[in-house]
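Chemist: So that we are looking at the same thing, I have put the structure below in structure tokens.
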Amino acid sequence: MGKLFNALRGLLPRSLRMQLLVFLLAAIVLAGAVQGALAYRAALAEADALFDYHMQQTALALRSGLPVDAQGLGPGLEPEDENHEFIVQVWTNEGLRIFESAVGAALPQIAVLGFTNVQARGGTYRVFSMQTRSQVIQVAQNMAARRDMARSLALRTLAPLTLMAPLLVLAVWWGVSRSLAPVERVRRQLASRQADDLSPVNDAQLPDEVQPLVGELNLLFERVQRAFEAQQHFVADAAHELRSPLAALRLQLQGLQRAGDEAGRAAAIERLSAGIDRATRLVEQLLTLARQEASAAPAEPVELRAVAQLALADVAPAAQARNMDVGLLESQAATVPGNAEALRMLVRNLLDNAIKYTPQGGQVDVQVTVQQGHATLTVEDSGPGIAPEHRERAMQRFVRATDGGAHAGAEGGACAVQGSGLGLAIVQAIAQSHQATVQLGQSARLGGLQVVVQFAIN
């Protein structure tokens, strides 16, 4: 039976609504056809019996009206054989009864022609009166007998329905249960999961109405999984990276406590303040990276050149403090799908990185171009750059370049060994969330690091 059902399901639409309608209509049509056939045969049999009964009663009534014998009974009719369920009387127009179907079964004469009800002989009779040229004929039937026959006929007509109703219920239950079996399978699959199991739910053979729901559920699982992974990364990163800054702060605090003069205390306070600033920046970058890795903000059109201008305004004080030339080269308008604040953070991190590790008085330029269906953001500086063999690792978190020829692309470099190594990791996380690519190279114009971020334009 199950194999037959699966074969039929392959021919049916995958819509749950259509499957239920097909099964229910098929069950109803089949039940109606069987019931109709049985009821038709039963009605024929009952009609034949009813007509036979009427013929029998009419014959008995006419026989009783033949010339009577000395006892006043029809020939061959014994008193116990008399039947008063069906009575026939004939009256003359002058009101003389000239015929009655049974001795002593007479009913009162009715002046009303047609059908009427008469109380007689301890019961109710249905009387039909018809007038001819010389006679009035009355035919009466006991209503109790009529109701008994009608009740018997109705009960026999309902018998097929009484038999088919449970079968119809079973057919509907079976069809609906089989149609909803894939939904029940998904429910059992979810009920048996552990709390940390966020793998996609199997949506094979699900009805069309349920598949979008399971698809959205899988997308939700994917977003929650990313959020869990970002949380785990943040906890691991914080535990890994905060040990050194906190240990340094403790040493600097101890140095402040041991300082013997004002000059020593001032120097210790300055070192402690710088250490606090570095720790604060590290925590901010960790939080930023965690937010970007777990971000699922809806995309909206963002003008990339305007974002670059806002990021340049953010870093202007730091650039002026180091007497650096930081600006936007001639650029084209480019609109990309994404989050404006996240893209502003991307550009600001690139500029912060370049300003911090480019020698004082250096140059940092930003440019936005559009070509071949892509928008390109380029940030280049006149700093030491990153050696080709270190560029791939520079995109990883907590990787610090320590050789003198390396740029602080990962916040390393000769003069920046104390960096957190998160600058380009944040850039990479934001770029990935915007389906963009990040490439590191050497600036042909300024000689330092060149970072190219390429976006697809809808």
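Labeling convention for the structure tokens: chains A, B, ... as they appear, residues from 1 per chain, ligands from 1 in order of appearance.
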So that I can see what lies close to Ala306 in chain A, please list as a ChimeraX atom specification the residues with an atom at most 10 Å from it, counting only C-alpha atoms and leaving out residues fewer than 6 positions away in the same chain.

Modeler: /A:312,333-335,340,344,368

Chemist: Might you pull out every residue within 10 Å of Leu25 in chain A, with only C-alpha atoms counted and same-chain residues fewer than 6 positions away left off, and present them as an MDAnalysis selection string?

Modeler: chainID A and resid 19 31 172

Chemist: Output N, CA, C and O atoms of each residue in that selection to a file, as a compact mmCIF listing (two decimals), in the first residue's frame.

Modeler:
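Writing done, so here's again-v6.txt:
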```txt
# COMPACT_ATOMS: atom_id res chain seq x y z
N GLN A 19 -2.80 18.26 -2.81
CA GLN A 19 -2.82 16.85 -2.44
C GLN A 19 -4.03 16.53 -1.56
O GLN A 19 -4.72 15.53 -1.78
N ALA A 31 -16.96 7.31 -2.45
CA ALA A 31 -18.00 6.98 -1.46
C ALA A 31 -19.39 7.33 -2.00
O ALA A 31 -20.35 6.57 -1.81
N VAL A 172 -9.99 9.61 4.52
CA VAL A 172 -9.51 10.99 4.68
C VAL A 172 -8.35 11.05 5.67
O VAL A 172 -7.35 11.72 5.43
```

Chemist: Neighbours of Gly383 in chain A within 7 Å (only C-alpha atoms; same-chain residues fewer than 5 positions away dropped), as number ranges by chain?

Modeler: A: 357-359, 407, 448-449

Chemist: Kindly save the residues from that selection, with all heavy atoms included, as an mmCIF file, in the first residue's frame.

Modeler:
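result29.cif, written as the output of this step:
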```cif
data_model
loop_
_atom_site.group_PDB
_atom_site.id
_atom_site.type_symbol
_atom_site.label_atom_id
_atom_site.label_comp_id
_atom_site.auth_asym_id
_atom_site.auth_seq_id
_atom_site.Cartn_x
_atom_site.Cartn_y
_atom_site.Cartn_z
ATOM 1 N N TYR A 357 51.431 53.797 10.307
ATOM 2 C CA TYR A 357 52.702 53.154 9.995
ATOM 3 C C TYR A 357 53.408 53.736 8.784
ATOM 4 O O TYR A 357 54.357 53.161 8.289
ATOM 5 C CB TYR A 357 52.472 51.648 9.828
ATOM 6 C CG TYR A 357 51.855 51.070 11.074
ATOM 7 C CD1 TYR A 357 50.534 50.622 11.067
ATOM 8 C CD2 TYR A 357 52.563 51.032 12.259
ATOM 9 C CE1 TYR A 357 49.958 50.123 12.219
ATOM 10 C CE2 TYR A 357 51.990 50.545 13.415
ATOM 11 C CZ TYR A 357 50.684 50.090 13.393
ATOM 12 O OH TYR A 357 50.122 49.613 14.533
ATOM 13 N N THR A 358 52.895 54.856 8.297
ATOM 14 C CA THR A 358 53.638 55.613 7.289
ATOM 15 C C THR A 358 54.460 56.667 8.016
ATOM 16 O O THR A 358 53.978 57.306 8.952
ATOM 17 C CB THR A 358 52.666 56.271 6.297
ATOM 18 O OG1 THR A 358 51.944 55.251 5.593
ATOM 19 C CG2 THR A 358 53.414 57.130 5.284
ATOM 20 N N PRO A 359 55.705 56.844 7.634
ATOM 21 C CA PRO A 359 56.559 57.832 8.321
ATOM 22 C C PRO A 359 55.902 59.211 8.350
ATOM 23 O O PRO A 359 55.123 59.586 7.464
ATOM 24 C CB PRO A 359 57.839 57.818 7.492
ATOM 25 C CG PRO A 359 57.866 56.468 6.851
ATOM 26 C CD PRO A 359 56.439 56.121 6.579
ATOM 27 N N HIS A 407 55.067 46.508 6.293
ATOM 28 C CA HIS A 407 54.108 47.545 6.647
ATOM 29 C C HIS A 407 53.269 47.049 7.813
ATOM 30 O O HIS A 407 53.271 45.871 8.154
ATOM 31 C CB HIS A 407 53.226 47.841 5.420
ATOM 32 C CG HIS A 407 52.287 48.973 5.618
ATOM 33 N ND1 HIS A 407 51.056 48.822 6.191
ATOM 34 C CD2 HIS A 407 52.390 50.282 5.307
ATOM 35 C CE1 HIS A 407 50.434 49.988 6.225
ATOM 36 N NE2 HIS A 407 51.230 50.884 5.686
ATOM 37 N N GLY A 448 54.607 52.574 -1.370
ATOM 38 C CA GLY A 448 54.236 51.844 -0.161
ATOM 39 C C GLY A 448 53.193 50.773 -0.431
ATOM 40 O O GLY A 448 53.120 50.189 -1.526
ATOM 41 N N LEU A 449 52.379 50.513 0.577
ATOM 42 C CA LEU A 449 51.343 49.494 0.459
ATOM 43 C C LEU A 449 50.168 50.020 -0.353
ATOM 44 O O LEU A 449 49.764 51.175 -0.211
ATOM 45 C CB LEU A 449 50.859 49.077 1.854
ATOM 46 C CG LEU A 449 49.757 48.019 1.894
ATOM 47 C CD1 LEU A 449 50.276 46.686 1.390
ATOM 48 C CD2 LEU A 449 49.188 47.877 3.303
#
```

Chemist: Got a sec: who's within 12 Å of Gln372 in chain A, counting only C-alpha atoms, leaving out chain neighbours fewer than 5 positions off, as a PyMOL selection string?

Modeler: chain A and resi 454-458

Chemist: Using DSSP assignments from the backbone, pull out every residue in range 74-280 of chain A that falls under strand (DSSP E or B) and give it to me as a ChimeraX atom specification.

Modeler: /A:86-92,97-100,114-120,123-131,135-142
